[in-house]
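Pasted below: structure.txt, compact mmCIF, C-alpha atoms.
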# COMPACT_ATOMS: atom_id res chain seq x y z
CA MET A 4 68.18 3.82 -69.67
CA PRO A 5 66.47 0.40 -70.10
CA ASN A 6 66.24 0.10 -66.35
CA LEU A 7 63.95 3.13 -66.05
CA ILE A 8 61.66 1.91 -68.81
CA ASP A 9 61.47 -1.55 -67.23
CA LEU A 10 60.59 -0.09 -63.87
CA ARG A 11 57.86 2.11 -65.33
CA ARG A 12 56.44 -0.89 -67.14
CA ARG A 13 56.37 -2.96 -63.97
CA ILE A 14 54.68 -0.20 -62.01
CA ARG A 15 52.02 0.09 -64.68
CA SER A 16 51.41 -3.64 -64.63
CA VAL A 17 51.08 -3.75 -60.85
CA LYS A 18 48.69 -0.81 -61.02
CA ASN A 19 46.54 -2.72 -63.48
CA THR A 20 46.45 -5.71 -61.18
CA GLN A 21 45.52 -3.46 -58.32
CA GLN A 22 42.63 -2.06 -60.26
CA ILE A 23 41.36 -5.55 -60.95
CA THR A 24 41.66 -6.69 -57.35
CA SER A 25 39.97 -3.60 -56.01
CA ALA A 26 37.13 -4.01 -58.52
CA MET A 27 36.73 -7.64 -57.45
CA LYS A 28 36.63 -6.50 -53.87
CA MET A 29 33.80 -4.06 -54.57
CA VAL A 30 31.85 -6.68 -56.51
CA SER A 31 32.26 -9.20 -53.70
CA ALA A 32 31.18 -6.65 -51.13
CA ALA A 33 27.97 -6.01 -53.05
CA LYS A 34 27.33 -9.70 -53.55
CA LEU A 35 28.11 -10.39 -49.93
CA ARG A 36 25.46 -7.96 -48.79
CA ARG A 37 22.82 -9.69 -50.88
CA ALA A 38 23.97 -13.17 -49.87
CA GLN A 39 23.91 -12.13 -46.22
CA ASP A 40 20.33 -10.92 -46.58
CA ARG A 41 19.35 -14.30 -47.96
CA VAL A 42 20.97 -16.10 -45.05
CA ILE A 43 19.05 -13.94 -42.62
CA ALA A 44 15.79 -14.29 -44.57
CA ALA A 45 16.01 -18.09 -44.47
CA ARG A 46 16.41 -18.25 -40.71
CA PRO A 47 12.75 -17.91 -39.61
CA TYR A 48 11.66 -20.94 -41.64
CA ALA A 49 14.49 -23.07 -40.31
CA SER A 50 13.90 -22.12 -36.71
CA LEU A 51 10.12 -22.58 -37.02
CA MET A 52 10.78 -25.98 -38.50
CA ARG A 53 13.08 -26.97 -35.66
CA ASP A 54 10.60 -25.74 -33.06
CA MET A 55 7.75 -27.59 -34.65
CA LEU A 56 9.64 -30.86 -35.02
CA GLY A 57 10.89 -30.53 -31.47
CA SER A 58 7.48 -29.88 -29.98
CA ILE A 59 5.93 -32.78 -31.86
CA LEU A 60 8.66 -35.23 -30.93
CA VAL A 61 8.55 -34.27 -27.27
CA GLN A 62 4.94 -35.18 -26.76
CA LEU A 63 4.98 -38.44 -28.68
CA PRO A 64 5.24 -41.68 -26.70
CA GLU A 65 8.60 -43.47 -26.88
CA ASP A 66 7.22 -46.39 -28.85
CA SER A 67 5.43 -44.23 -31.42
CA SER A 68 5.72 -45.57 -34.92
CA VAL A 69 6.93 -42.12 -35.99
CA PHE A 70 10.38 -43.10 -34.75
CA GLU A 71 10.49 -45.84 -37.33
CA HIS A 72 10.46 -43.31 -40.14
CA GLU A 73 13.12 -44.27 -42.64
CA LEU A 74 14.92 -40.94 -42.48
CA LEU A 75 15.47 -41.45 -38.77
CA GLN A 76 16.96 -44.95 -38.99
CA ARG A 77 20.48 -45.27 -37.69
CA ARG A 78 22.68 -47.88 -39.25
CA GLU A 79 26.22 -48.85 -38.53
CA GLU A 80 28.39 -46.22 -40.19
CA LYS A 81 30.35 -48.16 -42.74
CA ARG A 82 29.51 -46.32 -45.91
CA ILE A 83 29.79 -42.60 -45.48
CA ALA A 84 28.72 -39.97 -47.95
CA ILE A 85 29.83 -36.37 -47.62
CA LEU A 86 28.10 -33.49 -49.30
CA LEU A 87 30.99 -31.12 -49.81
CA ILE A 88 30.10 -27.55 -50.64
CA SER A 89 32.92 -25.47 -52.09
CA ALA A 90 33.05 -22.52 -54.47
CA ASP A 91 33.09 -22.60 -58.25
CA LYS A 92 35.91 -20.09 -58.44
CA GLY A 93 39.17 -19.44 -56.70
CA LEU A 94 40.77 -16.16 -55.59
CA CYS A 95 39.02 -16.32 -52.26
CA GLY A 96 41.81 -17.01 -49.82
CA ALA A 97 41.70 -20.25 -47.88
CA PHE A 98 37.98 -20.71 -48.51
CA ASN A 99 38.20 -23.76 -50.75
CA SER A 100 41.30 -25.26 -49.22
CA ASN A 101 39.65 -25.22 -45.80
CA VAL A 102 36.88 -27.60 -46.77
CA VAL A 103 39.17 -29.61 -48.99
CA ARG A 104 41.70 -29.99 -46.21
CA PHE A 105 39.00 -31.07 -43.79
CA ALA A 106 37.72 -33.69 -46.20
CA THR A 107 41.21 -34.97 -46.95
CA ARG A 108 41.93 -35.38 -43.26
CA PHE A 109 38.62 -37.14 -42.73
CA LEU A 110 39.45 -39.51 -45.56
CA SER A 111 42.88 -40.36 -44.18
CA GLU A 112 41.55 -40.78 -40.63
CA ASN A 113 38.93 -43.28 -41.73
CA PRO A 114 40.70 -45.65 -44.09
CA ASP A 115 38.46 -48.55 -43.01
CA LYS A 116 35.29 -46.81 -44.12
CA GLU A 117 33.88 -46.59 -47.57
CA ILE A 118 33.66 -42.86 -48.19
CA THR A 119 32.09 -41.23 -51.21
CA LEU A 120 31.80 -37.55 -51.99
CA GLN A 121 29.04 -35.52 -53.51
CA CYS A 122 30.37 -32.17 -54.56
CA VAL A 123 28.62 -28.87 -54.93
CA GLY A 124 31.05 -26.40 -56.48
CA ARG A 125 33.76 -26.84 -59.07
CA ARG A 126 36.78 -26.34 -56.82
CA GLY A 127 36.10 -29.25 -54.49
CA ARG A 128 35.09 -31.47 -57.39
CA ASP A 129 38.28 -30.74 -59.34
CA PHE A 130 40.53 -31.38 -56.37
CA PHE A 131 39.10 -34.76 -55.47
CA HIS A 132 38.76 -35.70 -59.08
CA ARG A 133 42.53 -35.33 -59.43
CA LYS A 134 43.00 -37.32 -56.24
CA ARG A 135 40.84 -40.09 -57.67
CA VAL A 136 38.41 -40.07 -54.77
CA SER A 137 35.06 -41.45 -55.81
CA ILE A 138 32.59 -38.65 -56.47
CA THR A 139 29.09 -39.99 -56.90
CA ARG A 140 27.29 -36.79 -57.73
CA GLU A 141 28.42 -33.30 -58.60
CA TRP A 142 26.75 -29.98 -59.17
CA VAL A 143 28.87 -27.22 -60.60
CA ASN A 144 28.20 -23.63 -61.55
CA LEU A 145 25.28 -23.29 -59.16
CA PHE A 146 26.94 -20.36 -57.46
CA ALA A 147 27.08 -18.28 -60.63
CA ARG A 148 23.61 -17.02 -59.70
CA PRO A 149 21.97 -16.66 -56.31
CA ILE A 150 21.04 -20.06 -54.93
CA GLU A 151 17.39 -20.97 -55.24
CA PHE A 152 15.51 -23.23 -52.93
CA SER A 153 14.48 -25.50 -55.79
CA GLN A 154 18.15 -26.31 -56.41
CA ALA A 155 18.67 -27.31 -52.81
CA LYS A 156 15.48 -29.32 -53.02
CA GLN A 157 16.81 -31.33 -55.91
CA ILE A 158 20.08 -32.07 -54.19
CA ALA A 159 18.24 -33.01 -51.02
CA ALA A 160 15.91 -35.33 -52.94
CA ASP A 161 18.95 -37.04 -54.38
CA LEU A 162 20.55 -37.48 -50.98
CA MET A 163 17.37 -38.79 -49.41
CA GLN A 164 16.95 -41.28 -52.19
CA SER A 165 20.44 -42.67 -51.78
CA PHE A 166 19.86 -42.95 -48.05
CA ARG A 167 16.48 -44.61 -48.46
CA GLU A 168 17.80 -47.08 -50.98
CA ASN A 169 20.50 -48.05 -48.56
CA GLU A 170 23.37 -46.91 -50.75
CA THR A 171 24.91 -45.16 -47.80
CA ASP A 172 24.61 -45.42 -44.03
CA VAL A 173 25.15 -41.83 -43.11
CA ILE A 174 25.38 -38.52 -44.90
CA TYR A 175 27.39 -35.58 -43.63
CA LEU A 176 27.30 -32.00 -44.72
CA LEU A 177 30.61 -30.16 -45.06
CA HIS A 178 30.72 -26.47 -45.87
CA ASN A 179 31.98 -23.06 -44.90
CA GLU A 180 29.83 -21.12 -42.53
CA PHE A 181 29.49 -17.38 -42.62
CA LYS A 182 30.53 -16.01 -39.24
CA SER A 183 31.37 -12.48 -40.20
CA ALA A 184 32.92 -10.66 -43.12
CA LEU A 185 36.32 -11.59 -41.70
CA ALA A 186 35.75 -15.08 -40.39
CA GLN A 187 34.50 -18.25 -42.01
CA THR A 188 34.51 -21.55 -40.23
CA VAL A 189 34.23 -25.05 -41.58
CA VAL A 190 31.10 -26.89 -40.45
CA PHE A 191 30.81 -30.65 -40.51
CA ARG A 192 27.53 -32.11 -39.32
CA ARG A 193 25.30 -35.07 -39.86
CA LEU A 194 22.44 -34.59 -42.26
CA LEU A 195 20.99 -38.09 -42.37
CA PRO A 196 19.78 -39.95 -40.40
CA ILE A 197 18.04 -37.10 -38.66
CA GLN A 198 18.83 -36.85 -35.00
CA PRO A 199 15.64 -36.02 -33.10
CA ALA A 200 16.44 -33.11 -30.83
CA GLU A 201 16.10 -33.72 -27.12
CA GLY A 202 13.14 -31.63 -26.09
CA ASP A 203 11.87 -30.52 -22.75
CA LYS A 204 9.24 -33.10 -21.77
CA SER A 205 7.55 -30.74 -19.36
CA ALA A 206 6.80 -28.29 -22.16
CA ALA A 207 4.86 -30.91 -24.07
CA VAL A 208 1.58 -29.70 -25.54
CA ASP A 209 -1.28 -32.06 -26.18
CA TYR A 210 -2.06 -31.41 -29.83
CA ILE A 211 -5.14 -32.23 -31.80
CA TYR A 212 -3.85 -34.00 -34.87
CA GLU A 213 -5.78 -33.33 -38.03
CA GLN A 214 -3.64 -36.01 -39.62
CA PRO A 215 -1.78 -38.80 -37.89
CA PRO A 216 1.72 -37.70 -36.81
CA GLU A 217 3.23 -40.12 -39.34
CA THR A 218 1.65 -38.20 -42.21
CA LEU A 219 2.87 -34.91 -40.82
CA PHE A 220 6.36 -36.32 -40.53
CA GLU A 221 6.21 -37.51 -44.07
CA THR A 222 5.87 -33.84 -45.01
CA LEU A 223 8.10 -32.28 -42.39
CA LEU A 224 11.20 -34.48 -42.45
CA PRO A 225 12.03 -34.10 -46.16
CA ARG A 226 11.51 -30.33 -45.77
CA TYR A 227 13.87 -30.41 -42.86
CA ILE A 228 16.61 -31.98 -45.00
CA GLU A 229 15.90 -29.55 -47.80
CA ILE A 230 16.15 -26.49 -45.61
CA ASN A 231 19.39 -27.82 -44.12
CA VAL A 232 20.94 -28.26 -47.54
CA TYR A 233 19.62 -24.86 -48.60
CA GLN A 234 21.06 -23.19 -45.54
CA GLY A 235 24.39 -24.91 -46.10
CA MET A 236 24.47 -23.60 -49.63
CA ILE A 237 23.53 -20.02 -48.90
CA GLU A 238 25.86 -19.90 -45.90
CA SER A 239 28.62 -21.13 -48.16
CA ALA A 240 27.76 -18.56 -50.81
CA ALA A 241 27.89 -15.74 -48.28
CA ALA A 242 31.12 -17.06 -46.81
CA GLU A 243 32.64 -17.28 -50.28
CA HIS A 244 31.94 -13.64 -51.02
CA ALA A 245 33.23 -12.62 -47.62
CA ALA A 246 36.42 -14.63 -48.13
CA ARG A 247 36.94 -13.17 -51.58
CA MET A 248 36.38 -9.67 -50.32
CA THR A 249 38.98 -10.11 -47.59
CA ALA A 250 41.44 -11.76 -49.96
CA MET A 251 41.03 -9.06 -52.58
CA ASP A 252 41.34 -6.33 -50.00
CA ALA A 253 44.66 -7.80 -48.89
CA ALA A 254 45.75 -8.14 -52.51
CA THR A 255 44.91 -4.50 -53.22
CA ARG A 256 46.88 -3.40 -50.20
CA ASN A 257 49.86 -5.57 -51.18
CA ALA A 258 49.80 -4.15 -54.67
CA GLY A 259 49.88 -0.67 -53.16
CA GLU A 260 52.98 -1.58 -51.17
CA VAL A 261 54.70 -2.99 -54.23
CA ILE A 262 53.90 0.17 -56.17
CA ASP A 263 55.33 2.36 -53.41
CA LYS A 264 58.50 0.32 -53.30
CA LEU A 265 58.92 0.34 -57.05
CA THR A 266 58.22 4.06 -57.28
CA LEU A 267 60.85 4.78 -54.66
CA HIS A 268 63.32 2.63 -56.54
CA LEU A 269 62.40 4.32 -59.81
CA ASN A 270 62.95 7.78 -58.35
CA ARG A 271 66.33 6.76 -56.95
CA VAL A 272 67.46 5.37 -60.27
CA ARG A 273 66.27 8.48 -62.08
CA GLN A 274 67.95 10.77 -59.59
CA ALA A 275 71.15 8.76 -59.87
CA SER A 276 71.15 9.14 -63.60
CA ILE A 277 70.53 12.89 -63.35
CA THR A 278 73.36 13.23 -60.86
CA LYS A 279 75.61 11.23 -63.13
CA GLU A 280 74.82 13.48 -66.07
CA LEU A 281 75.41 16.59 -63.98
CA ILE A 282 78.78 15.29 -62.88
CA GLU A 283 79.66 14.60 -66.48
CA VAL A 284 78.67 18.12 -67.51
CA VAL A 285 80.52 19.75 -64.61
CA SER A 286 83.65 17.70 -65.05
CA GLY A 287 83.52 18.33 -68.78
CA ALA A 288 83.31 22.08 -68.12
CA GLU A 289 86.23 21.91 -65.68
CA ALA A 290 88.34 20.10 -68.23
CA LEU A 291 88.11 23.08 -70.59
CA MET B 21 -12.40 -12.84 -26.91
CA ALA B 22 -9.59 -10.74 -25.65
CA GLY B 23 -6.04 -11.23 -26.76
CA LYS B 24 -4.47 -11.66 -30.11
CA LEU B 25 -2.81 -14.32 -32.16
CA ASN B 26 0.79 -14.11 -33.18
CA LEU B 27 0.83 -15.25 -36.78
CA GLU B 28 4.05 -16.37 -38.40
CA VAL B 29 4.19 -17.46 -42.01
CA ALA B 30 7.49 -18.50 -43.53
CA VAL B 31 8.63 -20.06 -46.79
CA PRO B 32 12.16 -21.43 -47.12
CA GLU B 33 13.50 -18.24 -48.67
CA ARG B 34 11.90 -15.73 -46.36
CA GLN B 35 9.38 -14.86 -43.72
CA LEU B 36 6.19 -13.28 -45.00
CA VAL B 37 4.30 -12.48 -41.85
CA ASN B 38 5.17 -12.05 -38.22
CA GLU B 39 2.48 -9.98 -36.58
CA GLU B 40 -0.38 -9.86 -34.11
CA VAL B 41 -3.69 -10.71 -35.72
CA ASP B 42 -7.30 -11.24 -34.59
CA GLU B 43 -8.31 -14.14 -36.79
CA VAL B 44 -6.72 -16.58 -39.22
CA GLN B 45 -8.33 -18.69 -41.89
CA ALA B 46 -6.15 -21.44 -43.30
CA PRO B 47 -6.57 -24.03 -46.06
CA ALA B 48 -6.18 -27.15 -43.92
CA ALA B 49 -6.01 -30.50 -45.68
CA THR B 50 -9.53 -31.34 -44.56
CA GLY B 51 -11.07 -27.98 -45.43
CA TYR B 52 -10.80 -24.35 -44.44
CA LEU B 53 -10.11 -23.82 -40.79
CA GLY B 54 -10.80 -20.64 -38.86
CA VAL B 55 -8.61 -19.88 -35.87
CA LEU B 56 -9.41 -17.36 -33.15
CA PRO B 57 -7.29 -16.55 -30.11
CA GLY B 58 -7.52 -19.29 -27.49
CA HIS B 59 -7.84 -22.12 -29.99
CA ALA B 60 -6.88 -25.59 -28.78
CA PRO B 61 -3.37 -26.73 -29.80
CA LEU B 62 -3.56 -28.28 -33.23
CA LEU B 63 -1.31 -29.56 -35.96
CA SER B 64 -2.46 -29.84 -39.50
CA GLU B 65 -1.21 -30.16 -42.99
CA LEU B 66 -2.21 -27.42 -45.37
CA GLN B 67 -3.25 -27.83 -48.95
CA VAL B 68 -3.07 -25.42 -51.84
CA GLY B 69 -5.39 -22.56 -51.04
CA VAL B 70 -5.80 -19.09 -49.62
CA LEU B 71 -4.62 -18.10 -46.18
CA SER B 72 -6.26 -14.97 -44.90
CA PHE B 73 -6.06 -13.11 -41.63
CA ARG B 74 -7.77 -10.17 -40.03
CA VAL B 75 -6.22 -7.36 -38.07
CA GLY B 76 -8.98 -5.11 -36.73
CA ASP B 77 -11.21 -4.87 -39.76
CA LYS B 78 -8.43 -5.16 -42.30
CA ILE B 79 -8.19 -8.46 -44.10
CA ARG B 80 -5.12 -9.65 -45.95
CA ALA B 81 -4.87 -12.73 -48.12
CA MET B 82 -2.13 -14.82 -49.64
CA ALA B 83 -1.99 -17.92 -51.78
CA LEU B 84 -0.25 -20.93 -50.23
CA ASP B 85 1.17 -23.95 -51.98
CA GLY B 86 0.66 -26.33 -49.12
CA GLY B 87 2.63 -26.79 -45.95
CA VAL B 88 2.14 -27.41 -42.27
CA MET B 89 0.41 -25.37 -39.59
CA GLU B 90 0.81 -25.41 -35.84
CA VAL B 91 -1.83 -23.73 -33.71
CA LEU B 92 -1.26 -22.78 -30.09
CA PRO B 93 -3.63 -20.70 -27.95
CA ALA B 94 -1.85 -17.45 -28.76
CA GLN B 95 0.16 -18.43 -31.77
CA VAL B 96 -0.21 -19.72 -35.29
CA ARG B 97 2.85 -20.90 -37.15
CA VAL B 98 2.72 -21.76 -40.81
CA LEU B 99 5.48 -23.41 -42.79
CA ALA B 100 4.54 -23.11 -46.43
CA ASP B 101 6.30 -24.47 -49.47
CA GLU B 102 5.52 -21.33 -51.35
CA ALA B 103 3.39 -18.29 -50.74
CA GLN B 104 2.40 -15.19 -52.59
CA TRP B 105 0.56 -12.09 -51.38
CA GLY B 106 -2.76 -11.55 -53.07
CA GLU B 107 -1.69 -8.08 -54.17
CA GLU B 108 1.38 -9.46 -55.90
CA VAL B 109 -0.42 -12.02 -58.02
CA ASP B 110 0.00 -11.64 -61.75
CA ILE B 111 -3.64 -12.15 -62.76
CA ASP B 112 -3.04 -12.28 -66.48
CA LYS B 113 -0.50 -15.04 -66.11
CA GLU B 114 -2.52 -17.04 -63.60
CA SER B 115 -5.80 -16.84 -65.49
CA ARG B 116 -4.01 -17.89 -68.65
CA THR B 117 -2.58 -20.91 -66.80
CA ARG B 118 -6.02 -21.69 -65.45
CA ASP B 119 -7.64 -21.60 -68.88
CA GLU B 120 -4.92 -23.69 -70.45
CA VAL B 121 -5.13 -26.37 -67.81
CA GLN B 122 -8.91 -26.44 -67.92
CA GLU B 123 -8.69 -26.86 -71.67
CA ARG B 124 -6.29 -29.77 -71.29
CA LEU B 125 -8.44 -31.40 -68.63
CA ARG B 126 -11.53 -31.07 -70.80
CA GLU B 127 -9.83 -32.83 -73.68
CA ARG B 128 -9.15 -35.85 -71.49
CA THR B 129 -6.42 -37.24 -73.67
CA GLU B 130 -4.38 -40.16 -72.41
CA SER B 131 -1.21 -38.15 -72.11
CA VAL B 132 -2.63 -35.77 -69.51
CA ASP B 133 -1.21 -36.28 -66.06
CA PHE B 134 -4.37 -35.52 -64.12
CA ASP B 135 -2.91 -35.18 -60.65
CA ARG B 136 -0.28 -32.79 -61.81
CA GLU B 137 -2.66 -30.72 -63.90
CA ARG B 138 -5.13 -30.50 -61.03
CA LEU B 139 -2.38 -29.20 -58.77
CA VAL B 140 -1.37 -26.57 -61.28
CA LEU B 141 -5.00 -25.59 -61.65
CA ALA B 142 -5.54 -25.42 -57.89
CA ARG B 143 -2.49 -23.21 -57.57
CA ALA B 144 -3.66 -20.80 -60.23
CA GLN B 145 -7.13 -20.67 -58.73
CA ALA B 146 -5.77 -20.07 -55.22
CA ARG B 147 -3.70 -17.16 -56.50
CA LEU B 148 -6.61 -15.61 -58.33
CA GLU B 149 -8.80 -16.07 -55.27
CA ALA B 150 -6.18 -14.48 -53.02
CA HIS B 151 -5.95 -11.59 -55.42
CA ALA B 152 -9.71 -11.12 -55.47
CA ARG B 153 -9.88 -11.17 -51.68
CA ALA B 154 -7.01 -8.77 -51.33
CA ARG B 155 -8.87 -6.45 -53.68
CA ALA B 156 -12.14 -6.80 -51.82
CA SER B 157 -10.76 -5.71 -48.47
Take the structure in this file and express it as structure tokens.
Amino acid sequence: MPNLIDLRRRIRSVKNTQQITSAMKMVSAAKLRRAQDRVIAARPYASLMRDMLGSILVQLPEDSSVFEHELLQRREEKRIAILLISADKGLCGAFNSNVVRFATRFLSENPDKEITLQCVGRRGRDFFHRKRVSITREWVNLFARPIEFSQAKQIAADLMQSFRENETDVIYLLHNEFKSALAQTVVFRRLLPIQPAEGDKSAAVDYIYEQPPETLFETLLPRYIEINVYQGMIESAAAEHAARMTAMDAATRNAGEVIDKLTLHLNRVRQASITKELIEVVSGAEAL
Amino acid sequence: MAGKLNLEVAVPERQLVNEEVDEVQAPAATGYLGVLPGHAPLLSELQVGVLSFRVGDKIRAMALDGGVMEVLPAQVRVLADEAQWGEEVDIDKESRTRDEVQERLRERTESVDFDRERLVLARAQARLEAHARARAS
């Protein structure tokens, strides 16, 4: 009965796959929890930073020289750089293809612009490398360990330098955002130049400045970029684990269905062969 | 003075403090700055040093690696680049760093990057100081 042996072999192989996918799911769930904690832990700094920038900007006069800071300068958007954050690995559903698809569409919608990519994560890099899109900088394998702020700082320093040196007019950030364990959304927002938030003028406080506001901005604005890049990266890391967990959960369930179907088939075949043998025995006995 | 200060200290990775305190002492760029409830609104850069605060008669201290501070009458917000609680300082490591840097500075060879070394030294000293103060309270 080669058929029976084949079926048993297939069931065993699917079971193995199922074990792998369910292990990956557990691992992702554990990693997700830690990544989520980091996202939450980073929020106070970011919101303090936004508050502080907002409250300073609100009480400054319109013609303050602070607004001439080089990280705030708007230029005509001809050369666009996109910091694309994807994962280093696959097997996480539509996670990577979501950002890649967004970037591809952006590229085809803006054929008149000079667009360059800076890629964090192997998947995005590989895709656009094959497509021969110009990738000016790339950082791969960062997601193998939990993201550290110093890594984001380095990337941010690089971006700020290219903006300062007028290599690009505008820099966008493109990444997956962690909404919940089941939902990730693609975020696309401008990183540089910084858009001063519209504050409430009536809430303006008259500060004593220990240093001139320009000096403070010199410290605050780069930090602001750094924390934005950092947040993008940890959000993406959390979203990646969430996406993988969901994908692996679905894979485990599908494997279960396949096993059920194959087992049913196997039992039928076995029963058929038993019946056939019985008939042979009975009809052989009758023939005597 | 009645009332309390809400002190928030955050570094990029996490928030270290968010509580009601009676008094804050911060390493402002121009020297240590004491803040009591009802202080005039103020913005200042912070340098490497020790931030301490008092709740009742309990004093806690942490080493800061510079940052920015915003003071409002009932609120102090500190954005630090890095911070470490005095209790968590590894004194052996920090005092070793301090001695090494001091040694290098004493030698005064050409290759020494003075600004950098000073910063490293200041950091180590701030941590040791924070540790000592955390111990003292």
- [ ] Compare B:Ser64, B:Gln45, B:Gln104, B:Ser115 by their minimum atom-to-atom distance to Val31 (chain B), counting only C-alpha atoms, and give me the closest one.
- [x]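 Of B:Ser64, B:Gln45, B:Gln104, B:Ser115, the one nearest Val31 (chain B) is B:Gln104, counting only C-alpha atoms.
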Task: Polymer residues at most 7 Å from Ala142 (chain B), only C-alpha atoms, same-chain spacing of 4 or more positions, as a VMD selection string - done: chain B and resid 68 138 146
TODO: Output as number ranges by chain the set of chain A residues within 8 Å of chain B, with distances taken over only C-alpha atoms.
DONE: A: 41, 44-49, 51-52, 55, 152, 208-214, 219, 222-223, 230
Open item on the list: I'd like the contact shell of region 69-79 of chain B - 10 Å cut-off, all atoms listed in the file, skipping same-chain residues fewer than 6 positions apart - returned as number ranges by chain.
Closed with: B: 24-25, 27, 29, 39-49, 51-55, 85-86, 98, 103-106, 142-151, 153-157
Open item on the list: Calculated over all atoms listed in the file, which of the candidates A:Leu7, A:Asn144, A:Gln164, A:Ile14 has the smallest distance to Lys264 (chain A)?
Closed with: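 Under the stated criterion, the closest residue is A:Ile14.
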Task: Exercise: Phe105 (chain A) partners within 12 Å, all atoms listed in the file, chain neighbours under 3 positions left out, as a ChimeraX atom specification - done: /A:85,87-89,97-102,108-112,127,176-179,188-191
Open item on the list: Report, in Å to a single decimal, how far apart CA of Val123 (chain A) and CA of Val143 (chain A) are.
Closed with: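 One can read the CA of Val143 (chain A) to CA of Val123 (chain A) distance as 5.9 Å.
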Open item on the list: To one decimal place in Å, what is the distance between CA of Gln154 (chain A) and CA of Ala33 (chain A)?
Closed with: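 The value is 22.8 Å.
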Open item on the list: Under the rule that all atoms listed in the file are counted, which of B:Ala94, B:Asp133, B:Glu108, B:Asp119 is the nearest residue to Ala81 (chain B)?
Closed with: B:Glu108
Open item on the list: Here is a test: counting all atoms listed in the file, which residue of A:Gln274, A:Ser50, A:Ser58, A:Gln234 is nearest to Glu151 (chain A)?
Closed with: A:Gln234
- [ ] Tell me which protein, DNA and RNA residues are within 8 Å of Arg167 (chain A), counting all atoms listed in the file, leaving out same-chain ones fewer than 3 positions away, and put them as number ranges by chain.
- [x] A: 73-74, 163-164, 170
Any chance you could export the current selection's C-alpha atoms as a JSON list (two decimals), in the frame of the given file?
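Written out: result.json:
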[["chain", "number", "residue", "atom", "x", "y", "z"],
["A", 73, "GLU", "CA", 13.12, -44.27, -42.64],
["A", 74, "LEU", "CA", 14.92, -40.94, -42.48],
["A", 163, "MET", "CA", 17.37, -38.79, -49.41],
["A", 164, "GLN", "CA", 16.95, -41.28, -52.19],
["A", 170, "GLU", "CA", 23.37, -46.91, -50.75]]
Task: Shell around region 93-96 of chain A at 8 Å using only C-alpha atoms, local window under 2 positions removed, as a PyMOL selection string - done: chain A and resi 90-91+98-99+126+243-244+246-251
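Distances here use only C-alpha atoms; by that measure, the residue among A:Arg193, A:Glu180, A:Ser25, A:Val61 closest to Arg256 (chain A) is A:Ser25.
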